[in-house]
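Participant: Sending over a structure as structure tokens; questions will come in a sec.
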There are 2 protein chains.
Amino acid sequence: MRPFNFSAGPAALPEEVLQTAAAEMLDWHGSGMSVMEMSHRGREFASIFEAAEHSLRTLLAVPSNFRILFMQGGGLAENAIVPMNLSRGGLVDFVVTGSWSKKSLKEAGRYCDASAAGSNEGNRHTDVPAPATWALRSGLSYVHVCTNETIDGVEMQTLPDLAALGCDAPLVIDCSSHILSRSIDWSRVGLAFAGAQKNIGPAGLTLVFVREDLLGHALSICPSAFDYRVVAENNSMFNTPPTYAIYIAGLVFDWVQRQGGVAEMERRAITKAELLYGYLDNNGGFYANRVAKPARSRMNVPFFLSDESLNDAFLAGAREAGLLQLKGHKSVGGMRASIYNAMPLQGVQALVNHMQDFARRHG
Amino acid sequence: MRPFNFSAGPAALPEEVLQTAAAEMLDWHGSGMSVMEMSHRGREFASIFEAAEHSLRTLLAVPSNFRILFMQGGGLAENAIVPMNLSRGGLVDFVVTGSWSKKSLKEAGRYCDASAAGSNEGNRHTDVPAPATWALRSGLSYVHVCTNETIDGVEMQTLPDLAALGCDAPLVIDCSSHILSRSIDWSRVGLAFAGAQKNIGPAGLTLVFVREDLLGHALSICPSAFDYRVVAENNSMFNTPPTYAIYIAGLVFDWVQRQGGVAEMERRAITKAELLYGYLDNNGGFYANRVAKPARSRMNVPFFLSDESLNDAFLAGAREAGLLQLKGHKSVGGMRASIYNAMPLQGVQALVNHMQDFARRHG
């Protein structure tokens, strides 16, 4: 059995996907080529690309007035690319819920008047400010939220309804670290982006879902390769796309579909999260998660040992038990278990078993 | 035997590299993880990254005052990223030798006063304008050339010596499609960039070699993820790098080293190019290459049938003979054989055999 890999990203992939990739490495479907060796404009890769896009559109029920763009640069590049495309140099409000939305706000300030309409910084990024408290300005180009904070383990359980808040600006969501683990209410969204390296595939691929009416407003300093209109008009082939990463993503989409789709992924995510948080809340104080219950992420679970001098021993024991990459982000410390779609329930159970065993021996 | 793949990029990779990648797909070196599943900050990927950078630096004898950056977006993104970092909004001269340098010139115009100091457009991109004829302006931020034009099959056999032309600006070279096929005279270069998808590895990785004194001058609108100084200070880990593509690139670097290094790649490239051009120049007029002999690319060989109505039959026969992806770029037409490092001499011989056979049957 392979170890259980709790990396926050690049993260574990379904074993079946890796097996297919290995088997097809030298010869994809009798083409005589590895997918890595195919021209992005040839019929073989075209079929891979179209199938991947179709599967993704189906899995997330993406409406026909949204374009799906396959780009590069990850979330950190999108922090600049989104305002270059959508801000029109005007006002943009952010809701700060953790490290990622903070970074997004800071980078956007290069291109527009960017401001925080709400923040959980006073609560050390452990909750989601209620939308009714957001101080949204009028005349906004868009509102940006990060719907799952990978580092802080904070997740929005529902998307804000900006219209109900009296705001008619489009909502931009950074859903990098929980995409495909729950459905998306597209009626509330103008643009969504996600780095692939958590729930989709290898690092180096970024997915952007953009409502068509938001195309065509890029600032003049926006590089052509990152102008959503240019990318859309060229079907994500303006520059050479990351072909192999797209192929792996397609295999992951097919795997999700075979498991039962996003609804099944969500059901499993709830089960896994309940198991882990259930133990974190009932272990006699040896371990703790600090996030408010309604804001806890189903994907990224940071936790802390009450005696932090045991951290290294905990990680060493975990590694021996076949539980990998549990060390917390350097900015937060402690531990973090990322339990994305590819993590089976069995892996979360193995983690809880190790936690119980370790607490018994060191408690 | 695998077919011979003449794609211009993404392009053929050494079979040994693909075999290693397949064998290590589910478990890299006993780590229990695929390389795709590793945190970019973990010790396993750190060792892969450091080894790849070290091999590349050794292969190309990159001086210690150059940083090697592992980035994303390909050559088309660099067309914006270079002027955002190096132009300081001032004057930049380009030498137009084909489709790629034309695109670079056009994109740079968003960020600086970009102008053509020389051009082969009047000669339909079939030669390289002699450096002595370049009308370089004074006070330039840099001079940009494309040292191998993938689409037009035009290659600079030596780098221009700007100092000898009375120009003290740094030289920027786009060497995407011939990197690792010949040595680079770094004393003449300020910055070099290359998309990986020709001679290095999978699409989605861009290599930038930048002299340290050129860091730190980015325009304020340059996205952090594409600011060379930020990338350099974070050892190419400011945003998550394309980890799997870097791993494959490292395998390719090791393969080049085992073959005998860049000098051996160059020797082979000369042999392969002489075989193919030799036939193109001596076949009774059935096929022709239109590039001036001193400017012919060793990597990308466009050629035309005198009777273009036979193009489809030529391609179909080639496919039957196990010769893939020979169709020319849509902007040029005809055929193109890209014979990068991974193409064995045997493959070029098989192509010439097919060309002879086809000419005999249709001549």
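Please note that chains go A, B, ... in the order of the structure tokens, that every chain numbers its residues from 1, and that ligands are numbered from 1 in the order shown.
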Which residues are near region 49-60 of chain B? Cut-off 7 Å, only C-alpha atoms, ignore same chain within fewer than 4 positions. Put them as a list in words.
Facilitator: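 The residues satisfying every condition are Phe45, Ser183, Ile184, Ile246, Gly250, Phe253, Asp254, Gly261 and Val262 of chain B.
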Participant: Store the residues of this selection in a file with N, CA and C atoms, as an mmCIF file, in the first residue's frame.
Facilitator:
data_model
loop_
_atom_site.group_PDB
_atom_site.id
_atom_site.type_symbol
_atom_site.label_atom_id
_atom_site.label_comp_id
_atom_site.auth_asym_id
_atom_site.auth_seq_id
_atom_site.Cartn_x
_atom_site.Cartn_y
_atom_site.Cartn_z
ATOM 1 N N PHE B 45 11.519 17.134 -3.128
ATOM 2 C CA PHE B 45 11.533 17.962 -4.335
ATOM 3 C C PHE B 45 12.725 18.917 -4.335
ATOM 4 N N SER B 183 26.823 25.674 -27.471
ATOM 5 C CA SER B 183 27.241 26.448 -26.303
ATOM 6 C C SER B 183 26.750 27.891 -26.443
ATOM 7 N N ILE B 184 26.738 28.594 -25.341
ATOM 8 C CA ILE B 184 26.320 29.998 -25.320
ATOM 9 C C ILE B 184 27.492 30.833 -24.817
ATOM 10 N N ILE B 246 9.840 20.326 -14.102
ATOM 11 C CA ILE B 246 11.236 20.514 -13.672
ATOM 12 C C ILE B 246 11.915 19.155 -13.489
ATOM 13 N N GLY B 250 15.114 17.797 -15.519
ATOM 14 C CA GLY B 250 16.307 17.262 -14.856
ATOM 15 C C GLY B 250 16.731 15.926 -15.447
ATOM 16 N N PHE B 253 18.400 16.741 -18.694
ATOM 17 C CA PHE B 253 19.763 17.266 -18.478
ATOM 18 C C PHE B 253 20.734 16.102 -18.223
ATOM 19 N N ASP B 254 20.304 15.153 -17.393
ATOM 20 C CA ASP B 254 21.174 14.018 -17.089
ATOM 21 C C ASP B 254 21.429 13.181 -18.343
ATOM 22 N N GLY B 261 27.327 15.638 -23.243
ATOM 23 C CA GLY B 261 27.158 17.074 -23.003
ATOM 24 C C GLY B 261 26.760 17.847 -24.247
ATOM 25 N N VAL B 262 26.776 19.167 -24.108
ATOM 26 C CA VAL B 262 26.299 20.036 -25.181
ATOM 27 C C VAL B 262 27.210 19.945 -26.417
#
Participant: Could you please write out, as a list in words, every residue of region 174-336 of chain A that DSSP assigns to strand (DSSP E or B)?
Facilitator: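 Across region 174-336 of chain A, those assigned strand (DSSP E or B) are Asp174, Leu191, Ala192, Phe193, Ala194, Gly195, Thr206, Leu207, Val208, Phe209, Val210, Arg211, Tyr287, Ala288, Arg296, Asn300, Val301, Pro302, Phe303, Phe304, Leu305, Leu323, Leu324, Lys327, Met335 and Arg336 of chain A.
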Participant: With 8 Å as the limit and counting only C-alpha atoms, what residues in chain A lie close to chain B? Please list them as a PyMOL selection string.
Facilitator: chain A and resi 2-3+5+7-13+15+18-19+21-23+25-26+32-34+36-40+42+72-77+80-81+107+110-111+201-205+220-221+223-226+239-244+325
Participant: Name all residues at most 10 Å from Glu308 (chain A) (count only C-alpha atoms; drop same-chain ones fewer than 4 positions away) and give them as a count of residues only.
Facilitator: 7
Participant: When you count only C-alpha atoms, which of these residues is closest to Ala218 (chain B): B:Val256, B:Leu86, B:Cys146, B:Ile339?
Facilitator: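 Answer, going by the shortest atom-to-atom distance: B:Leu86.
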Participant: If we count only C-alpha atoms and set the cut-off at 8 Å, which residues sit around Thr150 (chain A), ignoring sequence neighbours fewer than 3 positions away in its own chain? Please answer as a list in words.
Facilitator: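 Skipping anything fewer than 3 positions along the chain leaves Ala8, Trp100, Gly153, Val154, Ser177, Met299 and Asn300 of chain A.
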Participant: Using only C-alpha atoms, determine which residues lie at most 12 Å from Ser181 (chain B), disregarding the query and same-chain residues fewer than 6 positions distant; provide the list as a VMD selection string.
Facilitator: chain B and resid 59 to 60 147 to 148 155 157 175 198 to 200 253 256 260 to 270 272 to 273 297 to 300 339 to 343
Participant: For Ser101 (chain A), work out the shell of residues within 8 Å, counting only C-alpha atoms and skipping chain neighbours fewer than 6 positions away, then give it as a list of chain:residue names.
Facilitator: A:Phe94, A:Val95, A:His144, A:Val145, A:Cys146, A:Glu149
